[in-house]
>>> print(open('upload_33.tsv').read())   # TSV, C-alpha atoms
chain	number	residue	atom	x	y	z
P	31	MET	CA	8.16	193.51	51.95
P	32	ALA	CA	6.50	195.73	54.45
P	33	LEU	CA	8.59	196.91	57.30
P	34	PRO	CA	7.37	196.05	60.83
P	35	GLY	CA	5.69	198.75	62.66
P	36	LEU	CA	7.23	200.50	65.59
P	37	ALA	CA	5.14	198.52	68.03
P	38	THR	CA	6.19	195.22	66.49
P	39	LEU	CA	9.88	196.25	66.49
P	40	ALA	CA	9.69	197.26	70.11
P	41	ALA	CA	8.17	193.91	71.00
P	42	LEU	CA	10.94	192.08	69.20
P	43	LEU	CA	13.64	194.08	70.92
P	44	GLY	CA	12.01	193.51	74.27
P	45	SER	CA	11.92	189.78	73.67
P	46	VAL	CA	15.65	189.73	72.78
P	47	ALA	CA	16.54	191.81	75.85
P	48	LEU	CA	14.46	189.58	78.11
P	49	ALA	CA	16.10	186.45	76.71
P	50	GLY	CA	19.54	188.00	77.28
P	51	MET	CA	18.66	188.96	80.81
P	52	LEU	CA	17.39	185.50	81.55
P	53	ALA	CA	20.55	183.91	80.14
P	54	PHE	CA	22.77	186.29	82.11
P	55	GLY	CA	20.82	185.53	85.28
P	56	ALA	CA	21.25	181.81	84.72
P	57	ARG	CA	24.99	182.18	84.19
P	58	ALA	CA	25.23	184.37	87.32
P	59	ARG	CA	23.34	181.78	89.35
P	60	ARG	CA	25.60	178.99	88.09
P	61	SER	CA	28.70	181.05	88.88
P	62	ARG	CA	27.36	181.91	92.31
P	63	ASP	CA	26.48	178.28	93.03
P	64	ALA	CA	29.98	177.16	91.96
P	65	ALA	CA	31.55	179.83	94.20
P	66	VAL	CA	29.40	178.71	97.11
P	67	LYS	CA	30.46	175.10	96.54
P	68	ARG	CA	34.14	176.08	96.34
P	69	ALA	CA	33.82	178.16	99.53
P	70	ALA	CA	32.10	175.25	101.28
P	71	ALA	CA	34.84	172.83	100.16
P	72	LEU	CA	37.55	175.24	101.30
P	73	GLU	CA	35.83	175.72	104.64
P	74	ALA	CA	35.55	171.95	105.04
P	75	ARG	CA	39.27	171.53	104.32
P	76	LEU	CA	40.17	174.32	106.75
P	77	GLU	CA	37.96	172.76	109.42
P	78	GLU	CA	39.59	169.36	108.81
P	79	GLN	CA	43.07	170.89	109.10
P	80	ARG	CA	42.01	172.83	112.20
P	81	SER	CA	40.65	169.66	113.79
P	82	ALA	CA	43.83	167.74	112.89
P	83	GLY	CA	45.93	170.56	114.36
P	84	GLU	CA	43.86	170.55	117.53
P	85	ARG	CA	44.25	166.76	117.80
P	86	ARG	CA	48.03	167.03	117.34
P	87	GLU	CA	48.20	169.86	119.87
P	88	GLY	CA	46.10	167.87	122.32
P	89	LEU	CA	48.32	164.83	121.84
P	90	LEU	CA	51.43	166.95	122.36
P	91	ARG	CA	49.94	168.44	125.54
P	92	THR	CA	49.18	164.94	126.81
P	93	VAL	CA	52.71	163.75	126.07
P	94	VAL	CA	54.28	166.78	127.77
P	95	GLU	CA	51.97	166.50	130.78
P	96	THR	CA	52.53	162.77	131.32
P	97	THR	CA	56.28	162.57	130.64
P	98	PRO	CA	58.41	161.77	133.71
P	99	VAL	CA	60.78	164.55	132.63
P	100	ALA	CA	60.16	167.74	134.63
P	101	MET	CA	59.89	170.76	132.29
P	102	VAL	CA	59.96	174.44	133.27
P	103	LEU	CA	59.80	177.29	130.73
P	104	PHE	CA	60.70	180.79	131.90
P	105	GLY	CA	61.57	184.15	130.37
P	106	ASP	CA	64.68	186.32	130.58
P	107	ALA	CA	63.47	187.91	133.84
P	108	GLY	CA	62.71	184.49	135.33
P	109	ASP	CA	58.90	184.60	135.07
P	110	ILE	CA	57.49	181.08	134.64
P	111	THR	CA	55.32	180.64	131.54
P	112	PHE	CA	54.83	176.86	131.61
P	113	THR	CA	55.34	173.82	133.82
P	114	ASN	CA	54.25	170.24	133.28
P	115	ARG	CA	52.91	167.84	135.90
P	116	SER	CA	56.31	166.27	136.65
P	117	ALA	CA	57.82	169.72	137.28
P	118	ARG	CA	54.93	170.73	139.54
P	119	ASP	CA	55.34	167.51	141.54
P	120	LEU	CA	59.14	167.71	141.71
P	121	PHE	CA	59.64	171.40	142.39
P	122	PHE	CA	56.37	173.04	143.40
P	123	GLU	CA	54.42	170.53	145.56
P	124	GLY	CA	51.85	170.09	142.79
P	125	MET	CA	50.83	173.77	142.72
P	126	PRO	CA	50.45	175.96	139.59
P	127	VAL	CA	53.20	178.58	139.57
P	128	GLU	CA	52.81	180.33	136.19
P	129	GLY	CA	53.75	183.98	136.57
P	130	GLN	CA	56.00	183.45	139.58
P	131	ASN	CA	59.76	184.04	139.35
P	132	PHE	CA	61.72	180.83	138.91
P	133	LEU	CA	65.13	182.46	139.47
P	134	SER	CA	63.98	183.79	142.85
P	135	MET	CA	62.76	180.33	143.83
P	136	ILE	CA	66.13	178.85	142.89
P	137	GLU	CA	67.76	180.87	145.69
P	138	ARG	CA	66.05	178.48	148.13
P	139	ALA	CA	67.17	175.36	146.27
P	140	PRO	CA	69.97	172.94	147.21
P	141	ALA	CA	73.33	174.27	146.07
P	142	SER	CA	73.82	171.43	143.57
P	143	LEU	CA	70.46	172.11	141.89
P	144	ARG	CA	71.09	175.87	141.89
P	145	ARG	CA	74.44	175.45	140.16
P	146	ALA	CA	72.92	173.09	137.58
P	147	VAL	CA	70.02	175.43	136.76
P	148	LEU	CA	72.29	178.46	136.43
P	149	SER	CA	74.83	176.66	134.26
P	150	ASP	CA	74.96	177.10	130.49
P	151	GLY	CA	74.62	173.47	129.47
P	152	ASP	CA	73.70	169.98	130.61
P	153	GLU	CA	74.73	168.78	134.07
P	154	LEU	CA	74.43	165.89	136.48
P	155	PHE	CA	73.70	166.78	140.08
P	156	SER	CA	72.85	164.86	143.24
P	157	VAL	CA	70.82	165.59	146.34
P	158	ASP	CA	70.31	163.55	149.49
P	159	GLY	CA	66.76	162.37	150.12
P	160	ALA	CA	65.07	160.23	152.74
P	161	ALA	CA	65.91	157.08	150.78
P	162	GLY	CA	69.50	158.12	150.07
P	163	PRO	CA	71.26	160.09	147.34
P	164	GLU	CA	69.23	160.91	144.24
P	165	THR	CA	70.99	161.76	140.97
P	166	PHE	CA	69.39	163.93	138.27
P	167	HIS	CA	70.27	164.99	134.75
P	168	LEU	CA	69.42	168.60	133.84
P	169	SER	CA	69.21	169.84	130.26
P	170	ARG	CA	68.97	173.57	129.46
P	171	ARG	CA	67.97	175.06	126.10
P	172	HIS	CA	67.63	178.70	125.02
P	173	LEU	CA	64.66	179.23	122.67
P	174	GLU	CA	64.32	181.79	119.87
P	175	ASP	CA	61.72	183.90	121.70
P	176	GLY	CA	64.12	184.64	124.56
P	177	GLN	CA	62.73	181.95	126.85
P	178	THR	CA	64.69	179.17	128.53
P	179	LEU	CA	63.54	175.56	128.87
P	180	ILE	CA	65.03	173.27	131.51
P	181	ALA	CA	64.27	169.56	131.64
P	182	VAL	CA	65.17	167.47	134.69
P	183	ARG	CA	64.93	163.71	135.02
P	184	SER	CA	66.04	161.22	137.64
P	185	VAL	CA	68.80	158.85	136.58
P	186	THR	CA	69.25	157.18	139.99
P	187	GLN	CA	67.78	153.82	138.89
P	188	GLU	CA	69.86	153.81	135.72
P	189	ILE	CA	73.00	154.47	137.75
P	190	ASN	CA	72.07	151.78	140.27
P	191	ARG	CA	71.63	149.28	137.46
P	192	HIS	CA	74.98	150.28	136.01
P	193	GLU	CA	76.56	149.88	139.46
P	194	VAL	CA	75.29	146.30	139.68
P	195	VAL	CA	76.64	145.60	136.20
P	196	SER	CA	79.94	147.20	137.20
P	197	LEU	CA	80.09	145.10	140.37
P	198	LYS	CA	79.63	141.92	138.34
P	199	LYS	CA	82.31	143.12	135.96
P	200	VAL	CA	84.69	143.74	138.87
P	201	ILE	CA	84.09	140.25	140.24
P	202	ARG	CA	84.81	138.73	136.83
P	203	ILE	CA	87.97	140.82	136.36
P	204	ILE	CA	89.33	140.04	139.83
P	205	SER	CA	88.48	136.35	139.47
P	206	HIS	CA	90.20	136.24	136.08
P	207	GLU	CA	93.30	138.02	137.35
P	208	ILE	CA	93.58	135.87	140.47
P	209	ASN	CA	93.25	132.69	138.43
P	210	ASN	CA	95.89	133.97	135.98
P	211	SER	CA	98.30	134.36	138.88
P	212	LEU	CA	97.33	131.46	141.14
P	213	GLY	CA	97.39	128.96	138.28
P	214	PRO	CA	101.09	129.51	137.46
P	215	ILE	CA	101.97	129.78	141.17
P	216	SER	CA	100.31	126.44	141.88
P	217	SER	CA	102.17	124.86	138.96
P	218	LEU	CA	105.50	126.33	140.11
P	219	ILE	CA	104.98	125.02	143.64
P	220	GLY	CA	104.43	121.57	142.15
P	221	SER	CA	107.68	121.94	140.20
P	222	ALA	CA	109.50	123.03	143.38
P	223	LYS	CA	108.36	119.87	145.18
P	224	ILE	CA	109.73	117.73	142.37
P	225	ILE	CA	113.04	119.64	142.42
P	226	LEU	CA	113.36	119.08	146.18
P	227	GLN	CA	113.32	115.34	145.50
P	228	ARG	CA	116.20	115.72	143.02
P	229	PRO	CA	119.21	117.33	144.67
P	230	GLU	CA	120.97	117.83	141.34
P	231	GLN	CA	118.20	120.26	140.27
P	232	LEU	CA	118.23	122.38	143.45
P	233	PRO	CA	119.83	125.39	141.63
P	234	ARG	CA	116.61	125.71	139.63
P	235	LEU	CA	114.68	126.56	142.82
P	236	SER	CA	115.94	130.14	142.74
P	237	THR	CA	114.33	130.72	139.33
P	238	VAL	CA	111.11	129.08	140.46
P	239	PHE	CA	110.91	131.23	143.60
P	240	ASP	CA	111.70	134.41	141.62
P	241	THR	CA	108.82	133.65	139.25
P	242	ILE	CA	106.46	132.95	142.15
P	243	GLN	CA	107.46	136.24	143.78
P	244	GLU	CA	106.94	138.13	140.51
P	245	ARG	CA	103.41	136.77	140.09
P	246	ALA	CA	102.58	137.45	143.75
P	247	LEU	CA	103.79	141.07	143.51
P	248	HIS	CA	101.78	141.58	140.31
P	249	LEU	CA	98.65	140.24	141.99
P	250	GLN	CA	99.22	142.40	145.05
P	251	SER	CA	99.65	145.51	142.91
P	252	PHE	CA	96.49	144.69	140.97
P	253	LEU	CA	94.39	144.17	144.10
P	254	ASP	CA	95.79	147.27	145.78
P	255	GLY	CA	94.54	149.39	142.91
P	256	TYR	CA	91.00	148.04	143.23
P	257	ALA	CA	91.06	148.14	147.02
P	258	ALA	CA	91.81	151.87	146.86
P	259	MET	CA	88.13	152.48	146.02
P	260	ALA	CA	87.01	150.84	149.25
P	261	LYS	CA	89.87	151.92	151.51
P	262	ILE	CA	90.30	155.64	150.93
P	263	PRO	CA	91.45	156.97	154.31
P	264	ASP	CA	89.45	159.73	155.96
P	265	PRO	CA	90.84	163.08	154.84
P	266	GLN	CA	92.86	165.15	157.29
P	267	PRO	CA	92.02	168.70	156.20
P	268	VAL	CA	94.38	171.50	157.16
P	269	SER	CA	94.90	175.08	156.07
P	270	VAL	CA	96.69	174.92	152.69
P	271	PRO	CA	98.34	178.06	151.20
P	272	TRP	CA	97.59	178.14	147.51
P	273	GLY	CA	101.04	179.17	146.26
P	274	PRO	CA	103.06	176.09	147.31
P	275	PHE	CA	100.13	173.79	146.55
P	276	LEU	CA	99.77	175.03	142.97
P	277	ASP	CA	103.54	175.02	142.47
P	278	GLY	CA	103.39	171.30	143.21
P	279	LEU	CA	100.79	170.89	140.44
P	280	ARG	CA	102.94	172.88	138.01
P	281	GLY	CA	105.73	170.41	138.69
P	282	PHE	CA	103.78	167.82	136.71
P	283	TRP	CA	102.82	170.20	133.87
P	284	PRO	CA	105.21	173.19	133.75
P	285	GLY	CA	103.18	174.89	131.01
P	286	LEU	CA	99.81	174.47	132.70
P	287	GLU	CA	97.81	177.71	132.85
P	288	ILE	CA	96.57	178.31	136.40
P	289	GLY	CA	94.44	181.33	137.26
P	290	GLU	CA	95.00	183.65	140.18
P	291	ALA	CA	94.13	181.97	143.46
P	292	PRO	CA	92.21	183.54	146.36
P	293	SER	CA	94.28	185.11	149.10
P	294	ARG	CA	92.53	182.99	151.71
P	295	PRO	CA	94.07	179.49	152.07
P	296	GLY	CA	92.09	176.39	151.22
P	297	PHE	CA	91.07	173.82	153.80
P	298	PHE	CA	91.54	170.22	152.68
P	299	ASP	CA	93.78	167.16	152.73
P	300	ARG	CA	96.66	168.35	150.59
P	301	ALA	CA	97.77	164.94	149.27
P	302	GLN	CA	94.25	163.72	148.45
P	303	ILE	CA	93.12	166.86	146.61
P	304	GLN	CA	96.42	166.99	144.73
P	305	GLN	CA	95.67	163.45	143.51
P	306	VAL	CA	92.19	164.56	142.42
P	307	LEU	CA	93.59	167.46	140.42
P	308	ILE	CA	96.26	165.26	138.84
P	309	ASN	CA	93.47	162.92	137.65
P	310	LEU	CA	91.36	165.80	136.32
P	311	VAL	CA	94.19	167.63	134.54
P	312	LYS	CA	95.40	164.34	133.02
P	313	ASN	CA	91.88	163.69	131.71
P	314	ALA	CA	91.69	167.24	130.32
P	315	HIS	CA	94.97	166.74	128.43
P	316	GLU	CA	93.63	163.46	127.03
P	317	ALA	CA	90.30	165.02	125.97
P	318	GLY	CA	91.56	165.71	122.46
P	319	GLY	CA	91.57	169.52	122.47
P	320	PRO	CA	94.50	171.94	122.16
P	321	GLN	CA	96.94	171.30	125.00
P	322	GLY	CA	97.37	175.03	125.59
P	323	GLU	CA	93.62	175.34	126.31
P	324	VAL	CA	93.76	173.20	129.45
P	325	LYS	CA	93.35	175.55	132.40
P	326	VAL	CA	92.84	175.48	136.15
P	327	ALA	CA	90.74	178.18	137.82
P	328	ILE	CA	90.31	178.75	141.56
P	329	GLU	CA	87.71	181.01	143.13
P	330	THR	CA	86.01	181.69	146.43
P	331	ALA	CA	82.56	180.10	146.28
P	332	ALA	CA	79.46	182.14	147.09
P	333	GLU	CA	78.24	179.41	149.45
P	334	GLY	CA	81.58	179.39	151.28
P	335	GLY	CA	84.72	177.40	150.71
P	336	CYS	CA	86.44	177.31	147.32
P	337	ARG	CA	85.80	176.01	143.82
P	338	ILE	CA	88.56	174.57	141.64
P	339	SER	CA	87.68	174.10	137.96
P	340	VAL	CA	89.65	172.17	135.33
P	341	LEU	CA	88.75	173.35	131.82
P	342	ASP	CA	89.46	171.94	128.37
P	343	ARG	CA	88.43	172.57	124.77
P	344	GLY	CA	88.03	168.99	123.64
P	345	PRO	CA	85.03	167.65	121.69
P	346	GLY	CA	83.04	167.11	124.88
P	347	ILE	CA	81.10	163.97	125.79
P	348	SER	CA	77.71	162.54	124.88
P	349	ASP	CA	74.70	162.44	127.20
P	350	GLU	CA	75.20	158.68	127.66
P	351	VAL	CA	78.81	159.11	128.70
P	352	MET	CA	77.89	162.01	131.00
P	353	GLN	CA	75.44	159.77	132.84
P	354	ASN	CA	77.99	156.99	133.29
P	355	VAL	CA	81.27	158.82	133.63
P	356	PHE	CA	81.43	158.62	137.44
P	357	LEU	CA	80.68	154.91	137.57
P	358	PRO	CA	83.60	152.77	138.74
P	359	PHE	CA	85.30	150.95	135.86
P	360	PHE	CA	83.37	152.87	133.17
P	361	THR	CA	85.80	154.25	130.60
P	362	THR	CA	85.90	155.37	126.97
P	363	LYS	CA	89.68	154.99	126.77
P	364	PRO	CA	91.09	151.79	125.24
P	365	SER	CA	93.68	151.47	128.02
P	366	GLY	CA	91.72	153.15	130.84
P	367	ASP	CA	90.72	151.43	134.07
P	368	GLY	CA	87.67	153.62	134.77
P	369	LEU	CA	88.76	154.45	138.32
P	370	GLY	CA	90.11	158.01	138.03
P	371	LEU	CA	86.86	160.02	138.13
P	372	ALA	CA	85.09	157.62	140.49
P	373	LEU	CA	88.03	157.78	142.91
P	374	SER	CA	88.17	161.57	142.57
P	375	ARG	CA	84.49	161.99	143.38
P	376	GLU	CA	84.82	159.68	146.38
P	377	ILE	CA	87.70	161.78	147.75
P	378	VAL	CA	85.82	165.05	147.20
P	379	GLU	CA	82.67	163.73	148.87
P	380	LEU	CA	84.72	162.53	151.84
P	381	HIS	CA	85.67	166.21	152.19
P	382	HIS	CA	81.88	166.94	152.21
P	383	GLY	CA	82.40	168.66	148.86
P	384	ARG	CA	80.92	168.15	145.40
P	385	LEU	CA	82.43	167.23	142.05
P	386	GLY	CA	80.47	168.52	139.05
P	387	LEU	CA	80.69	168.06	135.31
P	388	ALA	CA	79.37	170.52	132.69
P	389	ARG	CA	79.72	171.34	129.02
P	390	ARG	CA	81.36	174.67	128.19
P	391	GLN	CA	80.05	177.24	125.76
P	392	GLY	CA	82.22	177.08	122.66
P	393	GLY	CA	83.10	173.41	123.22
P	394	GLY	CA	84.94	171.41	125.82
P	395	MET	CA	84.19	170.41	129.39
P	396	SER	CA	84.45	171.91	132.85
P	397	VAL	CA	85.01	169.69	135.88
P	398	SER	CA	84.56	171.62	139.11
P	399	VAL	CA	85.46	170.67	142.66
P	400	TRP	CA	83.73	172.54	145.46
P	401	LEU	CA	85.36	172.17	148.88
P	402	PRO	CA	83.97	173.65	152.11
P	403	ASP	CA	86.21	175.72	154.35
P	404	ARG	CA	86.71	175.20	158.07
P	405	GLU	CA	83.59	177.20	158.95
P	406	THR	CA	81.22	175.77	156.35
P	407	GLY	CA	82.37	172.15	156.63
P	408	ALA	CA	80.05	171.18	159.48
P	409	ALA	CA	77.20	173.22	158.01
P	410	ALA	CA	77.60	171.41	154.69
P	411	VAL	CA	77.21	168.04	156.44
P	412	LEU	CA	74.06	169.24	158.21
P	413	ALA	CA	72.56	170.76	155.07
P	414	ALA	CA	73.20	167.59	153.08
P	415	SER	CA	70.74	165.72	155.30
P	416	ARG	CA	67.98	168.29	154.69
P	417	VAL	CA	68.17	169.17	151.01
P	418	ARG	CA	65.02	168.98	148.90
P	419	LEU	CA	64.11	169.94	145.39
P	420	THR	CA	60.95	171.74	146.56
P	421	LEU	CA	61.15	175.42	145.64
P	422	THR	CA	57.80	176.69	146.94
P	423	SER	CA	58.68	176.68	150.65
P	424	ALA	CA	61.75	177.75	152.61
>>> encode(input="upload_33.tsv", output="structure tokens")
Amino acid sequence: MALPGLATLAALLGSVALAGMLAFGARARRSRDAAVKRAAALEARLEEQRSAGERREGLLRTVVETTPVAMVLFGDAGDITFTNRSARDLFFEGMPVEGQNFLSMIERAPASLRRAVLSDGDELFSVDGAAGPETFHLSRRHLEDGQTLIAVRSVTQEINRHEVVSLKKVIRIISHEINNSLGPISSLIGSAKIILQRPEQLPRLSTVFDTIQERALHLQSFLDGYAAMAKIPDPQPVSVPWGPFLDGLRGFWPGLEIGEAPSRPGFFDRAQIQQVLINLVKNAHEAGGPQGEVKVAIETAAEGGCRISVLDRGPGISDEVMQNVFLPFFTTKPSGDGLGLALSREIVELHHGRLGLARRQGGGMSVSVWLPDRETGAAAVLAASRVRLTLTSA
């Protein structure tokens, strides 16, 4: 067989090379087209996820903006980074305040709001408005980036509804107790009339009258306890040296830890405030924490007057209980009457003071009583009629 010539061999090799190049080009095009399709699919998925994220973020913004809970986010130095519509309406007269210093604004706030904002946990506080007292619940949370979020909401309507429920409960309780006493008394009076018609049974009258007297005294004692809420006498404040006053408190709890008191005497009704502290210390001992952790602290308040705090290390209370704890007849104790804290707050407010409740860092509760002194007493009454939550004007 004759071998192909050089020209023929070159042609054959060229044909093979061309076929290989064409095949490689086809494979490259297919690979490129597949890569383009994969990139397009990935881009479509990313766009879908981005759109879903934007929708979720938009929904979250709408929820935050329309919630009735006022929210303020500020940094360690106090610079405001975010407010929602409720916060702008409640605190800032509807104006944007991002970048301004929230802590500086707080200096112009009502004392009760200032104390709540500067506390370390959740608090209830009240201010007097044109329509009467308004009660708010403040929640404070420290975020990981060093910022602090406070959320404030009005609980006045909830409390008013609970007060109506409590009033109905009181009426039922009093009606039940009166009927439990008047029923036997009426029956005993009927028996006494029968005995009077039978001279031989006259010795039984003494027992009948003793029973009637017992039921009458029980009813009187019961009604006196409930009437105390409506008949607290006006306090008669006087200068009270702390030493003898605190010694009287130690008489009830000899081991009670009481901090050093200010050198300046207090100014209050000694008997009434002693009753308040007895109620608060008793509650602290019943809170379920170590008995040795119940403490009483007294300090001179920055706004004038004094502040007495009763501290415990119990398990604390839930948000629901915190909102209801000052309502008359509300209690979490099986044998409680629900009058102690309500009566205590009434006495403190008759002194033109404030009774506050807060959770402690590390567990437990702090119940504080602020009482004005002789000089700040009248000013406290005047200020109470003017307080506002607005922080953007003096």
>>> residues_near_point(input="upload_33.tsv", point="(77.9, 160.8, 132.6)", cutoff="8 Å", atoms="only C-alpha atoms", output="ChimeraX atom specification")
/P:154,348-356
>>> closest_atom_pairs(input="upload_33.tsv", of="segment 82-125 of chain P", to="segment 164-179 of chain P", cutoff="8 Å", atoms="all atoms listed in the file", output="Markdown table")
| residue | atom | partner | partner_atom | distance |
| --- | --- | --- | --- | --- |
| P:Met101 | CA | P:Leu179 | CA | 6.9 |
| P:Val102 | CA | P:Leu179 | CA | 5.8 |
| P:Leu103 | CA | P:Leu179 | CA | 4.5 |
| P:Phe104 | CA | P:Thr178 | CA | 5.5 |
| P:Gly105 | CA | P:Gln177 | CA | 4.3 |
| P:Asp106 | CA | P:Gln177 | CA | 6.1 |
>>> closest_residue(input="upload_33.tsv", among="P:Gly220, P:Arg294, P:Glu323, P:Arg404", to="Val268 of chain P", atoms="only C-alpha atoms")
P:Arg404
>>> residues_around(input="upload_33.tsv", residues="Ala291 of chain P", least_positions_apart="4", cutoff="8 Å", atoms="all atoms listed in the file", output="tab-separated table (two decimals) with C-alpha atoms, keeping the file's coordinate frame")
chain	number	residue	atom	x	y	z
P	272	TRP	CA	97.59	178.14	147.51
P	273	GLY	CA	101.04	179.17	146.26
P	327	ALA	CA	90.74	178.18	137.82
P	328	ILE	CA	90.31	178.75	141.56
P	329	GLU	CA	87.71	181.01	143.13
>>> atom_distance(input="upload_33.tsv", atom1="atom CA of Phe112 of chain P", atom2="atom CA of Leu89 of chain P")
16.8 Å
>>> closest_residue(input="upload_33.tsv", among="P:Thr92, P:Asn313, P:Gln79, P:Ser374", to="Asn114 of chain P", atoms="only C-alpha atoms")
P:Thr92
>>> axis_aligned_box(input="upload_33.tsv", around="segment 331-336 of chain P", padding_each_side="3 Å", output="JSON")
{"center_x": 82.3, "center_y": 179.7, "center_z": 148.8, "size_x": 14.2, "size_y": 10.8, "size_z": 11.0}
>>> atom_distance(input="upload_33.tsv", atom1="atom CA of Thr113 of chain P", atom2="atom CA of Pro98 of chain P")
12.4 Å
>>> atom_distance(input="upload_33.tsv", atom1="atom CA of Arg300 of chain P", atom2="atom CA of Gly278 of chain P")
10.4 Å
>>> residues_around(input="upload_33.tsv", residues="Leu421 of chain P", least_positions_apart="3", cutoff="12 Å", atoms="only C-alpha atoms", output="list in words")
Ala117, Arg118, Asp119, Leu120, Phe121, Phe122, Glu123, Gly124, Met125, Val127, Gln130, Asn131, Phe132, Leu133, Ser134, Met135, Ile136, Glu137, Arg138, Ala139, Pro140, Leu143, Arg144, Val417, Arg418 and Ala424 of chain P
>>> closest_residue(input="upload_33.tsv", among="P:Ala314, P:Val378, P:Leu401, P:Ile347", to="Asp152 of chain P", atoms="only C-alpha atoms")
P:Ile347
>>> residues_around(input="upload_33.tsv", residues="Ala388 of chain P", least_positions_apart="6", cutoff="8 Å", atoms="only C-alpha atoms", output="list in words")
Ser149, Gly151, Asp152, Glu153, Leu154, Met395, Ser396 and Val397 of chain P
>>> write_last_selection(input="upload_33.tsv", atoms="C-alpha atoms", output="PDB file, in the frame of the given file")
ATOM      1  CA  SER P 149      74.830 176.660 134.260  1.00  0.00           C
ATOM      2  CA  GLY P 151      74.620 173.470 129.470  1.00  0.00           C
ATOM      3  CA  ASP P 152      73.700 169.980 130.610  1.00  0.00           C
ATOM      4  CA  GLU P 153      74.730 168.780 134.070  1.00  0.00           C
ATOM      5  CA  LEU P 154      74.430 165.890 136.480  1.00  0.00           C
ATOM      6  CA  MET P 395      84.190 170.410 129.390  1.00  0.00           C
ATOM      7  CA  SER P 396      84.450 171.910 132.850  1.00  0.00           C
ATOM      8  CA  VAL P 397      85.010 169.690 135.880  1.00  0.00           C
TER       9      VAL P 397
END
>>> closest_residue(input="upload_33.tsv", among="P:Leu279, P:Leu286, P:Ala317, P:Leu249", to="Gly346 of chain P", atoms="only C-alpha atoms")
P:Ala317
>>> closest_residue(input="upload_33.tsv", among="P:Pro284, P:Val311, P:Phe297, P:Ile303", to="Thr330 of chain P", atoms="only C-alpha atoms")
P:Phe297
>>> decode(input="upload_33.tsv", residues="segment 138-153 of chain P", atoms="N, CA and C atoms", output="PDB file, in the first residue's frame")
ATOM      1  N   ARG P 138     -35.991  67.011  82.662  1.00  0.00           N
ATOM      2  CA  ARG P 138     -37.162  67.889  82.693  1.00  0.00           C
ATOM      3  C   ARG P 138     -38.454  67.116  82.941  1.00  0.00           C
ATOM      4  N   ALA P 139     -38.356  65.812  83.102  1.00  0.00           N
ATOM      5  CA  ALA P 139     -39.541  64.956  83.213  1.00  0.00           C
ATOM      6  C   ALA P 139     -40.094  64.970  84.638  1.00  0.00           C
ATOM      7  N   PRO P 140     -41.357  64.562  84.802  1.00  0.00           N
ATOM      8  CA  PRO P 140     -41.902  64.350  86.147  1.00  0.00           C
ATOM      9  C   PRO P 140     -41.023  63.376  86.927  1.00  0.00           C
ATOM     10  N   ALA P 141     -40.946  63.585  88.219  1.00  0.00           N
ATOM     11  CA  ALA P 141     -40.051  62.774  89.056  1.00  0.00           C
ATOM     12  C   ALA P 141     -40.371  61.286  88.943  1.00  0.00           C
ATOM     13  N   SER P 142     -41.662  60.935  88.860  1.00  0.00           N
ATOM     14  CA  SER P 142     -42.029  59.517  88.798  1.00  0.00           C
ATOM     15  C   SER P 142     -41.547  58.881  87.498  1.00  0.00           C
ATOM     16  N   LEU P 143     -41.651  59.610  86.378  1.00  0.00           N
ATOM     17  CA  LEU P 143     -41.149  59.092  85.105  1.00  0.00           C
ATOM     18  C   LEU P 143     -39.629  59.008  85.125  1.00  0.00           C
ATOM     19  N   ARG P 144     -38.977  60.014  85.688  1.00  0.00           N
ATOM     20  CA  ARG P 144     -37.515  60.020  85.731  1.00  0.00           C
ATOM     21  C   ARG P 144     -37.003  58.819  86.514  1.00  0.00           C
ATOM     22  N   ARG P 145     -37.610  58.547  87.654  1.00  0.00           N
ATOM     23  CA  ARG P 145     -37.172  57.401  88.454  1.00  0.00           C
ATOM     24  C   ARG P 145     -37.388  56.097  87.694  1.00  0.00           C
ATOM     25  N   ALA P 146     -38.514  55.996  86.983  1.00  0.00           N
ATOM     26  CA  ALA P 146     -38.809  54.760  86.244  1.00  0.00           C
ATOM     27  C   ALA P 146     -37.817  54.545  85.104  1.00  0.00           C
ATOM     28  N   VAL P 147     -37.488  55.613  84.375  1.00  0.00           N
ATOM     29  CA  VAL P 147     -36.561  55.489  83.249  1.00  0.00           C
ATOM     30  C   VAL P 147     -35.164  55.123  83.728  1.00  0.00           C
ATOM     31  N   LEU P 148     -34.755  55.675  84.862  1.00  0.00           N
ATOM     32  CA  LEU P 148     -33.403  55.456  85.354  1.00  0.00           C
ATOM     33  C   LEU P 148     -33.275  54.191  86.197  1.00  0.00           C
ATOM     34  N   SER P 149     -34.381  53.485  86.394  1.00  0.00           N
ATOM     35  CA  SER P 149     -34.318  52.242  87.163  1.00  0.00           C
ATOM     36  C   SER P 149     -33.704  51.140  86.315  1.00  0.00           C
ATOM     37  N   ASP P 150     -33.471  49.986  86.919  1.00  0.00           N
ATOM     38  CA  ASP P 150     -32.816  48.881  86.222  1.00  0.00           C
ATOM     39  C   ASP P 150     -33.789  47.822  85.732  1.00  0.00           C
ATOM     40  N   GLY P 151     -35.069  48.012  85.979  1.00  0.00           N
ATOM     41  CA  GLY P 151     -36.021  46.980  85.576  1.00  0.00           C
ATOM     42  C   GLY P 151     -37.348  47.579  85.177  1.00  0.00           C
ATOM     43  N   ASP P 152     -38.419  46.810  85.335  1.00  0.00           N
ATOM     44  CA  ASP P 152     -39.755  47.254  84.996  1.00  0.00           C
ATOM     45  C   ASP P 152     -40.371  47.989  86.182  1.00  0.00           C
ATOM     46  N   GLU P 153     -41.171  49.007  85.882  1.00  0.00           N
ATOM     47  CA  GLU P 153     -41.798  49.789  86.950  1.00  0.00           C
ATOM     48  C   GLU P 153     -43.166  50.268  86.520  1.00  0.00           C
TER      49      GLU P 153
END
